[in-house]
file structure-v4.cif (mmCIF, C-alpha atoms)
data_target
loop_
_atom_site.label_atom_id
_atom_site.label_comp_id
_atom_site.auth_asym_id
_atom_site.auth_seq_id
_atom_site.Cartn_x
_atom_site.Cartn_y
_atom_site.Cartn_z
CA MET K 276 32.35 4.58 2.88
CA SER K 277 31.43 7.04 0.13
CA PRO K 278 34.40 7.74 -2.19
CA THR K 279 35.63 11.30 -2.64
CA LYS K 280 35.73 10.98 -6.42
CA THR K 281 33.41 9.08 -8.72
CA PRO K 282 35.35 6.31 -10.51
CA ALA K 283 35.48 6.15 -14.30
CA PHE K 284 32.76 4.34 -16.23
CA THR K 285 33.15 0.58 -16.01
CA ILE K 286 31.04 -2.59 -16.06
CA PRO K 287 32.99 -4.75 -13.61
CA THR K 288 32.64 -8.44 -12.80
CA VAL K 289 31.87 -8.96 -9.11
CA ASP K 290 32.13 -12.33 -7.35
CA ILE K 291 29.71 -12.30 -4.40
CA SER K 292 30.58 -15.77 -3.07
CA SER K 293 32.70 -14.37 -0.23
CA TYR K 294 29.80 -12.15 0.91
CA VAL K 295 27.39 -15.10 0.77
CA ALA K 296 29.83 -17.19 2.84
CA ASP K 297 30.39 -14.50 5.50
CA PRO K 298 28.93 -10.98 5.14
CA SER K 299 31.19 -9.71 7.93
CA SER K 300 34.50 -10.84 6.43
CA PRO K 301 37.14 -8.53 4.90
CA ALA K 302 36.52 -10.22 1.54
CA ALA K 303 32.82 -9.38 1.83
CA GLU K 304 33.74 -5.74 2.48
CA ARG K 305 35.52 -5.70 -0.90
CA VAL K 306 32.37 -7.05 -2.55
CA ILE K 307 30.34 -4.25 -0.96
CA GLU K 308 32.79 -1.62 -2.21
CA ASP K 309 32.89 -3.09 -5.72
CA VAL K 310 29.11 -3.14 -5.99
CA ARG K 311 28.86 0.42 -4.70
CA SER K 312 31.45 1.58 -7.24
CA ALA K 313 29.47 -0.03 -10.07
CA CYS K 314 26.23 1.53 -8.82
CA ILE K 315 27.58 5.09 -8.89
CA THR K 316 29.34 4.79 -12.26
CA SER K 317 27.61 2.68 -14.91
CA GLY K 318 24.78 1.26 -12.81
CA PHE K 319 25.75 -2.14 -14.25
CA PHE K 320 27.92 -5.07 -13.19
CA GLN K 321 28.38 -8.72 -14.09
CA LEU K 322 27.61 -10.99 -11.13
CA ILE K 323 29.35 -14.31 -10.55
CA GLY K 324 29.45 -16.59 -7.52
CA HIS K 325 25.64 -16.51 -7.43
CA GLY K 326 25.05 -20.24 -6.93
CA VAL K 327 22.32 -20.70 -9.56
CA PRO K 328 22.98 -24.02 -11.36
CA ARG K 329 23.97 -23.64 -15.00
CA GLU K 330 21.80 -26.61 -16.01
CA LEU K 331 18.76 -24.84 -14.53
CA GLN K 332 19.56 -21.67 -16.47
CA GLU K 333 19.84 -23.72 -19.67
CA ALA K 334 16.52 -25.44 -18.95
CA VAL K 335 14.79 -22.05 -18.64
CA LEU K 336 16.34 -20.76 -21.88
CA ASN K 337 15.34 -23.99 -23.65
CA GLY K 338 11.78 -23.62 -22.35
CA ALA K 339 11.68 -20.09 -23.75
CA LYS K 340 12.94 -21.28 -27.13
CA ALA K 341 10.31 -24.03 -27.24
CA PHE K 342 7.46 -21.61 -26.51
CA PHE K 343 8.53 -18.96 -29.01
CA LYS K 344 8.80 -21.61 -31.74
CA LEU K 345 5.09 -22.35 -31.42
CA PRO K 346 2.86 -21.13 -34.27
CA GLN K 347 1.72 -17.55 -33.73
CA GLU K 348 -1.94 -18.54 -33.48
CA GLU K 349 -1.00 -20.88 -30.64
CA LYS K 350 1.02 -18.25 -28.78
CA LEU K 351 -1.87 -15.79 -29.07
CA LYS K 352 -4.02 -18.09 -26.89
CA TYR K 353 -1.87 -16.94 -23.98
CA GLU K 354 -1.65 -13.25 -24.91
CA LYS K 355 -1.84 -10.98 -21.88
CA SER K 356 -4.98 -9.03 -22.73
CA ALA K 357 -6.78 -12.14 -24.00
CA VAL K 358 -6.34 -14.15 -20.78
CA GLY K 359 -7.12 -11.11 -18.62
CA ARG K 360 -4.68 -11.74 -15.77
CA GLY K 361 -2.71 -8.52 -15.81
CA ASN K 362 1.05 -8.70 -16.16
CA ARG K 363 1.26 -12.40 -17.04
CA GLY K 364 1.35 -14.34 -20.28
CA TYR K 365 2.46 -13.66 -23.83
CA GLU K 366 3.36 -10.24 -25.21
CA VAL K 367 3.37 -9.94 -28.99
CA MET K 368 6.23 -8.67 -31.11
CA GLY K 369 6.28 -4.87 -31.24
CA LYS K 370 3.95 -4.28 -28.28
CA GLN K 371 6.42 -2.04 -26.42
CA VAL K 372 8.11 1.14 -27.62
CA LEU K 373 10.72 1.89 -24.98
CA GLN K 374 12.61 4.58 -26.89
CA LYS K 375 10.62 7.68 -27.78
CA GLY K 376 10.59 8.23 -31.54
CA ALA K 377 11.88 4.73 -32.36
CA LEU K 378 10.03 1.93 -34.09
CA PRO K 379 8.24 -0.69 -31.95
CA ASP K 380 10.69 -3.00 -30.18
CA LEU K 381 11.62 -6.08 -32.21
CA LYS K 382 11.01 -8.63 -29.47
CA GLU K 383 8.30 -10.87 -28.06
CA GLY K 384 7.99 -11.93 -24.45
CA TYR K 385 6.33 -14.12 -21.84
CA TYR K 386 5.73 -12.82 -18.28
CA VAL K 387 5.92 -15.16 -15.28
CA GLY K 388 5.78 -14.47 -11.54
CA HIS K 389 5.21 -16.27 -8.25
CA ASP K 390 3.10 -19.35 -8.98
CA PHE K 391 -0.23 -19.75 -7.22
CA GLU K 392 -3.60 -21.13 -8.23
CA PRO K 393 -6.23 -18.71 -9.59
CA PHE K 394 -9.37 -18.12 -7.59
CA SER K 395 -12.37 -20.23 -8.58
CA ASP K 396 -14.55 -17.12 -8.89
CA PRO K 397 -14.23 -16.01 -12.56
CA ASN K 398 -15.20 -12.45 -11.56
CA HIS K 399 -12.35 -12.07 -9.08
CA THR K 400 -10.20 -9.02 -9.84
CA TYR K 401 -6.47 -9.58 -9.51
CA ASN K 402 -3.74 -7.09 -8.74
CA TRP K 403 -2.36 -6.29 -12.20
CA PHE K 404 1.23 -6.75 -11.08
CA ASN K 405 0.80 -10.00 -9.14
CA PRO K 406 -1.87 -12.23 -10.67
CA PRO K 407 -1.74 -16.02 -11.11
CA ASN K 408 0.54 -17.24 -13.86
CA VAL K 409 -0.66 -18.19 -17.32
CA TRP K 410 0.87 -21.49 -18.46
CA PRO K 411 1.13 -22.61 -22.12
CA THR K 412 -0.50 -25.98 -21.60
CA SER K 413 -0.49 -26.77 -25.32
CA LEU K 414 3.34 -26.78 -25.33
CA PRO K 415 4.44 -30.44 -25.47
CA SER K 416 5.48 -31.71 -22.02
CA PHE K 417 5.00 -28.17 -20.69
CA GLU K 418 5.15 -29.29 -17.03
CA THR K 419 8.68 -30.69 -17.30
CA THR K 420 10.08 -28.44 -20.04
CA PHE K 421 8.50 -25.12 -19.02
CA ARG K 422 6.60 -24.84 -15.74
CA GLN K 423 8.86 -26.87 -13.45
CA PRO K 424 12.20 -25.34 -14.47
CA ILE K 425 10.74 -21.82 -14.46
CA ASN K 426 9.29 -22.24 -10.96
CA GLU K 427 12.56 -23.72 -9.69
CA TYR K 428 14.50 -20.89 -11.29
CA TYR K 429 12.20 -18.26 -9.77
CA ALA K 430 12.79 -19.84 -6.36
CA HIS K 431 16.55 -19.28 -6.82
CA MET K 432 16.27 -15.74 -8.15
CA PHE K 433 14.11 -14.35 -5.38
CA PRO K 434 16.64 -14.81 -2.53
CA LEU K 435 19.52 -13.87 -4.85
CA SER K 436 17.79 -10.53 -5.49
CA THR K 437 17.37 -9.82 -1.79
CA THR K 438 21.04 -10.70 -1.20
CA ILE K 439 22.05 -8.10 -3.77
CA LEU K 440 19.85 -5.53 -2.03
CA ASP K 441 21.54 -6.41 1.26
CA ILE K 442 24.95 -5.82 -0.35
CA MET K 443 23.76 -2.46 -1.66
CA ALA K 444 22.36 -1.49 1.74
CA ALA K 445 25.74 -2.26 3.31
CA GLY K 446 27.34 0.26 0.94
CA MET K 447 24.89 3.05 1.83
CA PRO K 448 24.88 5.34 4.90
CA TYR K 449 21.25 4.56 5.76
CA GLY K 450 21.66 1.35 7.76
CA PRO K 451 21.26 -2.35 6.87
CA ALA K 452 17.45 -2.24 7.20
CA VAL K 453 16.89 0.42 4.52
CA PHE K 454 15.25 -2.10 2.14
CA ASP K 455 13.39 -4.15 4.77
CA GLU K 456 9.93 -2.73 4.02
CA PHE K 457 10.56 -2.98 0.29
CA LYS K 458 11.52 -6.67 0.62
CA THR K 459 8.36 -7.51 2.62
CA ASP K 460 5.53 -9.03 0.57
CA PRO K 461 7.32 -8.12 -2.67
CA VAL K 462 6.45 -8.50 -6.34
CA ALA K 463 8.97 -9.89 -8.81
CA VAL K 464 8.49 -10.87 -12.42
CA MET K 465 10.65 -12.65 -14.96
CA ARG K 466 10.27 -12.17 -18.69
CA LEU K 467 11.25 -14.74 -21.26
CA LEU K 468 12.35 -12.70 -24.29
CA HIS K 469 13.00 -13.58 -27.92
CA TYR K 470 14.73 -11.19 -30.32
CA PRO K 471 14.68 -12.26 -33.98
CA PRO K 472 17.78 -11.46 -36.05
CA GLN K 473 17.95 -7.84 -37.11
CA PRO K 474 19.39 -7.27 -40.61
CA ALA K 475 22.19 -4.76 -41.04
CA SER K 476 20.00 -2.88 -43.52
CA SER K 477 17.19 -2.30 -40.99
CA ASP K 478 15.98 1.17 -40.12
CA ALA K 479 18.33 3.16 -37.85
CA LEU K 480 15.42 3.57 -35.44
CA GLN K 481 14.74 -0.17 -35.24
CA PHE K 482 16.03 -1.90 -32.11
CA GLY K 483 15.44 -5.19 -30.38
CA VAL K 484 14.64 -2.94 -27.46
CA GLY K 485 15.15 0.80 -27.68
CA ALA K 486 17.20 2.91 -25.30
CA HIS K 487 15.52 2.91 -21.89
CA THR K 488 16.02 2.69 -18.17
CA ASP K 489 14.44 -0.13 -16.18
CA PHE K 490 11.37 0.68 -14.11
CA GLY K 491 12.08 -1.12 -10.85
CA SER K 492 14.88 -1.52 -8.28
CA ILE K 493 17.28 -4.11 -9.71
CA THR K 494 17.29 -6.38 -12.75
CA LEU K 495 19.19 -9.67 -13.03
CA LEU K 496 19.65 -10.65 -16.67
CA LEU K 497 20.26 -14.19 -17.87
CA GLN K 498 21.22 -14.17 -21.55
CA ASP K 499 22.50 -16.51 -24.23
CA MET K 500 25.75 -15.89 -26.08
CA ALA K 501 24.23 -13.91 -28.97
CA GLY K 502 25.26 -10.53 -27.52
CA GLY K 503 23.60 -7.26 -28.47
CA LEU K 504 23.20 -5.56 -25.07
CA GLU K 505 24.66 -2.05 -25.04
CA VAL K 506 25.01 0.43 -22.16
CA LEU K 507 25.44 4.18 -22.53
CA ASN K 508 28.69 5.70 -21.27
CA HIS K 509 27.47 9.12 -20.10
CA ASP K 510 31.00 10.50 -20.05
CA THR K 511 31.56 9.93 -23.79
CA ASP K 512 27.99 9.44 -25.12
CA GLU K 513 29.19 6.14 -26.59
CA TRP K 514 27.35 2.83 -26.47
CA VAL K 515 29.40 0.11 -24.76
CA SER K 516 28.76 -3.54 -25.67
CA VAL K 517 28.34 -5.95 -22.76
CA THR K 518 30.15 -9.17 -23.65
CA PRO K 519 28.08 -12.21 -22.62
CA ASN K 520 29.61 -14.29 -19.85
CA PRO K 521 27.96 -17.73 -19.44
CA ASP K 522 28.81 -17.70 -15.73
CA ALA K 523 27.44 -14.23 -14.97
CA TYR K 524 24.23 -12.34 -14.52
CA VAL K 525 24.17 -8.80 -15.82
CA VAL K 526 22.81 -6.74 -12.92
CA ASN K 527 21.56 -3.20 -13.40
CA LEU K 528 19.77 -0.63 -11.31
CA GLY K 529 16.32 0.70 -12.11
CA ASP K 530 14.60 4.05 -11.70
CA MET K 531 13.45 3.39 -8.16
CA MET K 532 17.02 3.01 -6.93
CA GLN K 533 17.96 6.28 -8.61
CA ARG K 534 15.02 8.06 -6.96
CA TRP K 535 15.85 6.73 -3.50
CA THR K 536 19.46 7.90 -3.74
CA ARG K 537 18.75 11.22 -5.49
CA GLY K 538 20.70 10.05 -8.52
CA GLU K 539 23.83 8.85 -6.72
CA TYR K 540 23.06 5.29 -7.80
CA ARG K 541 22.54 5.31 -11.55
CA SER K 542 19.64 3.88 -13.52
CA ASN K 543 21.43 3.85 -16.85
CA LEU K 544 20.20 3.87 -20.43
CA HIS K 545 20.67 0.59 -22.27
CA ARG K 546 19.38 -1.02 -25.43
CA VAL K 547 19.56 -4.22 -27.51
CA ARG K 548 20.55 -4.52 -31.16
CA ASN K 549 20.53 -8.16 -32.29
CA MET K 550 22.88 -7.86 -35.26
CA GLY K 551 24.62 -11.25 -34.95
CA GLY K 552 22.48 -13.01 -37.56
CA GLY K 553 20.70 -15.42 -35.22
CA ASP K 554 17.94 -15.41 -32.65
CA ARG K 555 18.66 -13.96 -29.20
CA TYR K 556 17.06 -15.23 -26.00
CA SER K 557 17.25 -13.65 -22.55
CA VAL K 558 15.46 -13.83 -19.20
CA PRO K 559 15.49 -10.65 -17.11
CA PHE K 560 14.31 -11.00 -13.51
CA PHE K 561 12.82 -7.75 -12.20
CA PHE K 562 12.62 -7.30 -8.42
CA ASP K 563 9.90 -4.67 -7.99
CA GLY K 564 9.32 -5.09 -4.25
CA ASN K 565 6.43 -4.07 -2.07
CA MET K 566 3.88 -2.18 -4.14
CA LYS K 567 3.00 0.19 -1.27
CA THR K 568 6.57 1.34 -0.59
CA LYS K 569 7.02 5.05 -1.24
CA LEU K 570 9.78 6.27 -3.53
CA ALA K 571 10.94 8.98 -1.12
CA PRO K 572 14.68 9.73 -0.91
CA PHE K 573 16.47 7.71 1.74
CA ASP K 574 18.24 10.77 3.14
CA GLY K 575 14.97 12.16 4.51
CA GLY K 576 15.70 15.56 3.03
CA GLU K 577 13.43 17.97 1.24
CA LEU K 578 11.03 16.30 -1.17
CA ASP K 579 11.07 17.22 -4.84
CA GLY K 580 7.56 16.91 -6.25
CA GLU K 581 4.98 14.20 -5.63
CA ILE K 582 6.19 11.00 -3.95
CA LEU K 583 4.76 7.98 -5.75
CA THR K 584 4.33 4.48 -4.44
CA VAL K 585 6.01 1.63 -6.29
CA GLU K 586 2.64 0.64 -7.73
CA GLU K 587 1.85 4.15 -9.00
CA HIS K 588 5.29 4.48 -10.54
CA MET K 589 5.11 1.09 -12.28
CA HIS K 590 1.62 1.74 -13.67
CA GLU K 591 2.81 5.03 -15.14
CA ARG K 592 5.82 3.44 -16.83
CA PHE K 593 3.81 0.58 -18.34
CA ARG K 594 1.11 2.98 -19.51
CA THR K 595 3.60 5.18 -21.37
CA THR K 596 5.60 2.32 -22.96
CA ALA K 597 3.01 -0.36 -23.71
CA GLY K 598 -0.43 1.20 -23.24
CA TYR K 599 -1.39 -1.02 -20.28
#
call {"tool": "encode", "arguments": {"input": "structure-v4.cif", "output": "structure tokens"}}
result
Amino acid sequence: MSPTKTPAFTIPTVDISSYVADPSSPAAERVIEDVRSACITSGFFQLIGHGVPRELQEAVLNGAKAFFKLPQEEKLKYEKSAVGRGNRGYEVMGKQVLQKGALPDLKEGYYVGHDFEPFSDPNHTYNWFNPPNVWPTSLPSFETTFRQPINEYYAHMFPLSTTILDIMAAGMPYGPAVFDEFKTDPVAVMRLLHYPPQPASSDALQFGVGAHTDFGSITLLLQDMAGGLEVLNHDTDEWVSVTPNPDAYVVNLGDMMQRWTRGEYRSNLHRVRNMGGGDRYSVPFFFDGNMKTKLAPFDGGELDGEILTVEEHMHERFRTTAGY
């Protein structure tokens, strides 16, 4: 199934509905080939036919807008380090610096994962990557405008992520079960992000988010129509704008996928510059998988250096970009 020549750089639109309907059909085989082609070229594709209701997507984006419009002193009540629940809650503007040498990223965020009740023991220590959620209870009608749509959305995104991994597995020579361990007892997190408008006169090293690769396996990005996402074309060293499509998720591969495939599947540099004059809102969903899975190459060949677990790899990336 592996092509003899790597296709040219492209960010295609892939409709997975035929695969969802019948993974064994000839139409599904085309989906598998299209996804594989995107993975070995740009590492990006636009996904349609996903089945996530548009009204639910809009509800999540509206919930994000409502939270980020709260006064700063109110948002700080839910700041990650203040609430002490690891990778959940509010992250202040400029906390991350994803591009070495650049200014702090011009964005603020809110981290949400699988929803479960915290333990009654206040001294209980949570796994940093999978603690209970922190909910902004001071947000008016937060249950109906924030918590409920976010939990419903998360419930859609989880199986969609595993479907994409199944499609990728079908395009690899390692068998359909290659991601089974990784999909067992997995961690996934979604981030509500707000990028304020960036003036044309801003510093050349100021970005909404600087050039970086994602840490995990796959990312599914829901975004508004503001634009600003750019992907590096390695063949020309040019930044390619990704035109927002209201019907599509932007899917990209992370560093773990690149490690597993020894670089055949590309975890590509991308960045955000919000130069359109208005606010930009997006919701990336990061499927990080089983924290104990080892990032050893799938081909079983000679190992190159220390083999980290997912958890060790993720801790290192957060430490170097945000000081966590």
call {"tool": "closest_residue", "arguments": {"input": "structure-v4.cif", "among": "K:Gly450, K:Pro298, K:Gly485, K:Pro519", "to": "Phe573 (chain K)", "atoms": "all atoms listed in the file"}}
result
K:Gly450
call {"tool": "residues_around", "arguments": {"input": "structure-v4.cif", "residues": "region 319-331 of chain K", "least_positions_apart": "6", "cutoff": "9 Å", "atoms": "all atoms listed in the file", "output": "number ranges by chain"}}
result
K: 285-293, 295, 310, 313, 424-425, 427-428, 431-432, 435, 495, 506, 520-528, 541-543
call {"tool": "write_last_selection", "arguments": {"input": "structure-v4.cif", "atoms": "C-alpha atoms", "output": "PDB file, in the coordinates of the input"}}
result
ATOM      1  CA  THR K 285      33.150   0.580 -16.010  1.00  0.00           C
ATOM      2  CA  ILE K 286      31.040  -2.590 -16.060  1.00  0.00           C
ATOM      3  CA  PRO K 287      32.990  -4.750 -13.610  1.00  0.00           C
ATOM      4  CA  THR K 288      32.640  -8.440 -12.800  1.00  0.00           C
ATOM      5  CA  VAL K 289      31.870  -8.960  -9.110  1.00  0.00           C
ATOM      6  CA  ASP K 290      32.130 -12.330  -7.350  1.00  0.00           C
ATOM      7  CA  ILE K 291      29.710 -12.300  -4.400  1.00  0.00           C
ATOM      8  CA  SER K 292      30.580 -15.770  -3.070  1.00  0.00           C
ATOM      9  CA  SER K 293      32.700 -14.370  -0.230  1.00  0.00           C
ATOM     10  CA  VAL K 295      27.390 -15.100   0.770  1.00  0.00           C
ATOM     11  CA  VAL K 310      29.110  -3.140  -5.990  1.00  0.00           C
ATOM     12  CA  ALA K 313      29.470  -0.030 -10.070  1.00  0.00           C
ATOM     13  CA  PRO K 424      12.200 -25.340 -14.470  1.00  0.00           C
ATOM     14  CA  ILE K 425      10.740 -21.820 -14.460  1.00  0.00           C
ATOM     15  CA  GLU K 427      12.560 -23.720  -9.690  1.00  0.00           C
ATOM     16  CA  TYR K 428      14.500 -20.890 -11.290  1.00  0.00           C
ATOM     17  CA  HIS K 431      16.550 -19.280  -6.820  1.00  0.00           C
ATOM     18  CA  MET K 432      16.270 -15.740  -8.150  1.00  0.00           C
ATOM     19  CA  LEU K 435      19.520 -13.870  -4.850  1.00  0.00           C
ATOM     20  CA  LEU K 495      19.190  -9.670 -13.030  1.00  0.00           C
ATOM     21  CA  VAL K 506      25.010   0.430 -22.160  1.00  0.00           C
ATOM     22  CA  ASN K 520      29.610 -14.290 -19.850  1.00  0.00           C
ATOM     23  CA  PRO K 521      27.960 -17.730 -19.440  1.00  0.00           C
ATOM     24  CA  ASP K 522      28.810 -17.700 -15.730  1.00  0.00           C
ATOM     25  CA  ALA K 523      27.440 -14.230 -14.970  1.00  0.00           C
ATOM     26  CA  TYR K 524      24.230 -12.340 -14.520  1.00  0.00           C
ATOM     27  CA  VAL K 525      24.170  -8.800 -15.820  1.00  0.00           C
ATOM     28  CA  VAL K 526      22.810  -6.740 -12.920  1.00  0.00           C
ATOM     29  CA  ASN K 527      21.560  -3.200 -13.400  1.00  0.00           C
ATOM     30  CA  LEU K 528      19.770  -0.630 -11.310  1.00  0.00           C
ATOM     31  CA  ARG K 541      22.540   5.310 -11.550  1.00  0.00           C
ATOM     32  CA  SER K 542      19.640   3.880 -13.520  1.00  0.00           C
ATOM     33  CA  ASN K 543      21.430   3.850 -16.850  1.00  0.00           C
TER      34      ASN K 543
END
call {"tool": "atom_distance", "arguments": {"input": "structure-v4.cif", "atom1": "CA of Lys355 (chain K)", "atom2": "CA of Pro559 (chain K)"}}
result
18.0 Å
call {"tool": "resolve_selection", "arguments": {"input": "structure-v4.cif", "expression": "the PyMOL selection byres ((chain K and resi 561) around 8)", "output": "PyMOL selection string"}}
result
chain K and resi 463-465+491-495+559-560+562-563
call {"tool": "atom_distance", "arguments": {"input": "structure-v4.cif", "atom1": "CA of Thr488 (chain K)", "atom2": "CA of Leu578 (chain K)"}}
result
22.3 Å
call {"tool": "residues_around", "arguments": {"input": "structure-v4.cif", "residues": "Ser312 (chain K)", "least_positions_apart": "3", "cutoff": "10 Å", "atoms": "only C-alpha atoms", "output": "NGL selection string"}}
result
:K and (277-278 or 281-287 or 306-309 or 315-320 or 446 or 540)
call {"tool": "atom_distance", "arguments": {"input": "structure-v4.cif", "atom1": "CA of Asp554 (chain K)", "atom2": "CA of Pro472 (chain K)"}}
result
5.2 Å
call {"tool": "resolve_selection", "arguments": {"input": "structure-v4.cif", "expression": "the PyMOL selection byres ((chain K and resi 469) around 12)", "output": "PyMOL selection string"}}
result
chain K and resi 336-344+365-369+380-385+466-468+470-473+483-484+498-499+501+547+549+553-559
call {"tool": "write_last_selection", "arguments": {"input": "structure-v4.cif", "atoms": "C-alpha atoms", "output": "PDB file, in the frame of the given file"}}
result
ATOM      1  CA  LEU K 336      16.340 -20.760 -21.880  1.00  0.00           C
ATOM      2  CA  ASN K 337      15.340 -23.990 -23.650  1.00  0.00           C
ATOM      3  CA  GLY K 338      11.780 -23.620 -22.350  1.00  0.00           C
ATOM      4  CA  ALA K 339      11.680 -20.090 -23.750  1.00  0.00           C
ATOM      5  CA  LYS K 340      12.940 -21.280 -27.130  1.00  0.00           C
ATOM      6  CA  ALA K 341      10.310 -24.030 -27.240  1.00  0.00           C
ATOM      7  CA  PHE K 342       7.460 -21.610 -26.510  1.00  0.00           C
ATOM      8  CA  PHE K 343       8.530 -18.960 -29.010  1.00  0.00           C
ATOM      9  CA  LYS K 344       8.800 -21.610 -31.740  1.00  0.00           C
ATOM     10  CA  TYR K 365       2.460 -13.660 -23.830  1.00  0.00           C
ATOM     11  CA  GLU K 366       3.360 -10.240 -25.210  1.00  0.00           C
ATOM     12  CA  VAL K 367       3.370  -9.940 -28.990  1.00  0.00           C
ATOM     13  CA  MET K 368       6.230  -8.670 -31.110  1.00  0.00           C
ATOM     14  CA  GLY K 369       6.280  -4.870 -31.240  1.00  0.00           C
ATOM     15  CA  ASP K 380      10.690  -3.000 -30.180  1.00  0.00           C
ATOM     16  CA  LEU K 381      11.620  -6.080 -32.210  1.00  0.00           C
ATOM     17  CA  LYS K 382      11.010  -8.630 -29.470  1.00  0.00           C
ATOM     18  CA  GLU K 383       8.300 -10.870 -28.060  1.00  0.00           C
ATOM     19  CA  GLY K 384       7.990 -11.930 -24.450  1.00  0.00           C
ATOM     20  CA  TYR K 385       6.330 -14.120 -21.840  1.00  0.00           C
ATOM     21  CA  ARG K 466      10.270 -12.170 -18.690  1.00  0.00           C
ATOM     22  CA  LEU K 467      11.250 -14.740 -21.260  1.00  0.00           C
ATOM     23  CA  LEU K 468      12.350 -12.700 -24.290  1.00  0.00           C
ATOM     24  CA  TYR K 470      14.730 -11.190 -30.320  1.00  0.00           C
ATOM     25  CA  PRO K 471      14.680 -12.260 -33.980  1.00  0.00           C
ATOM     26  CA  PRO K 472      17.780 -11.460 -36.050  1.00  0.00           C
ATOM     27  CA  GLN K 473      17.950  -7.840 -37.110  1.00  0.00           C
ATOM     28  CA  GLY K 483      15.440  -5.190 -30.380  1.00  0.00           C
ATOM     29  CA  VAL K 484      14.640  -2.940 -27.460  1.00  0.00           C
ATOM     30  CA  GLN K 498      21.220 -14.170 -21.550  1.00  0.00           C
ATOM     31  CA  ASP K 499      22.500 -16.510 -24.230  1.00  0.00           C
ATOM     32  CA  ALA K 501      24.230 -13.910 -28.970  1.00  0.00           C
ATOM     33  CA  VAL K 547      19.560  -4.220 -27.510  1.00  0.00           C
ATOM     34  CA  ASN K 549      20.530  -8.160 -32.290  1.00  0.00           C
ATOM     35  CA  GLY K 553      20.700 -15.420 -35.220  1.00  0.00           C
ATOM     36  CA  ASP K 554      17.940 -15.410 -32.650  1.00  0.00           C
ATOM     37  CA  ARG K 555      18.660 -13.960 -29.200  1.00  0.00           C
ATOM     38  CA  TYR K 556      17.060 -15.230 -26.000  1.00  0.00           C
ATOM     39  CA  SER K 557      17.250 -13.650 -22.550  1.00  0.00           C
ATOM     40  CA  VAL K 558      15.460 -13.830 -19.200  1.00  0.00           C
ATOM     41  CA  PRO K 559      15.490 -10.650 -17.110  1.00  0.00           C
TER      42      PRO K 559
END
call {"tool": "resolve_selection", "arguments": {"input": "structure-v4.cif", "expression": "the PyMOL selection byres ((chain K and resi 515) around 12)", "output": "NGL selection string"}}
result
:K and (284-286 or 317 or 319 or 502-514 or 516-518 or 543-548)
call {"tool": "axis_aligned_box", "arguments": {"input": "structure-v4.cif", "around": "region 322-334 of chain K", "padding_each_side": "4 Å", "output": "AutoDock Vina command-line options"}}
result
--center_x 23.0 --center_y -18.8 --center_z -13.3 --size_x 20.9 --size_y 23.6 --size_z 20.7
call {"tool": "residues_around", "arguments": {"input": "structure-v4.cif", "residues": "Val453 (chain K)", "least_positions_apart": "3", "cutoff": "12 Å", "atoms": "only C-alpha atoms", "output": "list in words"}}
result
Leu440, Asp441, Ile442, Met443, Ala444, Ala445, Gly446, Met447, Pro448, Tyr449, Gly450, Glu456, Phe457, Lys458, Thr459, Met532, Trp535, Thr536, Thr568, Ala571, Pro572, Phe573, Asp574 and Gly575 of chain K
call {"tool": "closest_residue", "arguments": {"input": "structure-v4.cif", "among": "K:Phe421, K:Phe593, K:Phe404, K:Phe482", "to": "Gly564 (chain K)", "atoms": "all atoms listed in the file"}}
result
K:Phe404
call {"tool": "decode", "arguments": {"input": "structure-v4.cif", "residues": "region 430-445 of chain K", "atoms": "C-alpha atoms", "output": "tab-separated table (two decimals), in the first residue's frame"}}
result
chain	number	residue	atom	x	y	z
K	430	ALA	CA	-18.49	12.41	23.85
K	431	HIS	CA	-18.58	12.89	20.05
K	432	MET	CA	-14.88	13.64	19.64
K	433	PHE	CA	-13.58	10.62	21.50
K	434	PRO	CA	-14.96	7.95	19.12
K	435	LEU	CA	-14.22	10.18	16.11
K	436	SER	CA	-10.55	10.22	17.17
K	437	THR	CA	-10.39	6.45	17.45
K	438	THR	CA	-12.02	6.11	14.01
K	439	ILE	CA	-9.27	8.27	12.52
K	440	LEU	CA	-6.65	6.08	14.20
K	441	ASP	CA	-8.35	3.02	12.71
K	442	ILE	CA	-8.16	4.61	9.24
K	443	MET	CA	-4.47	5.34	9.77
K	444	ALA	CA	-3.82	1.79	10.97
K	445	ALA	CA	-5.46	0.46	7.80
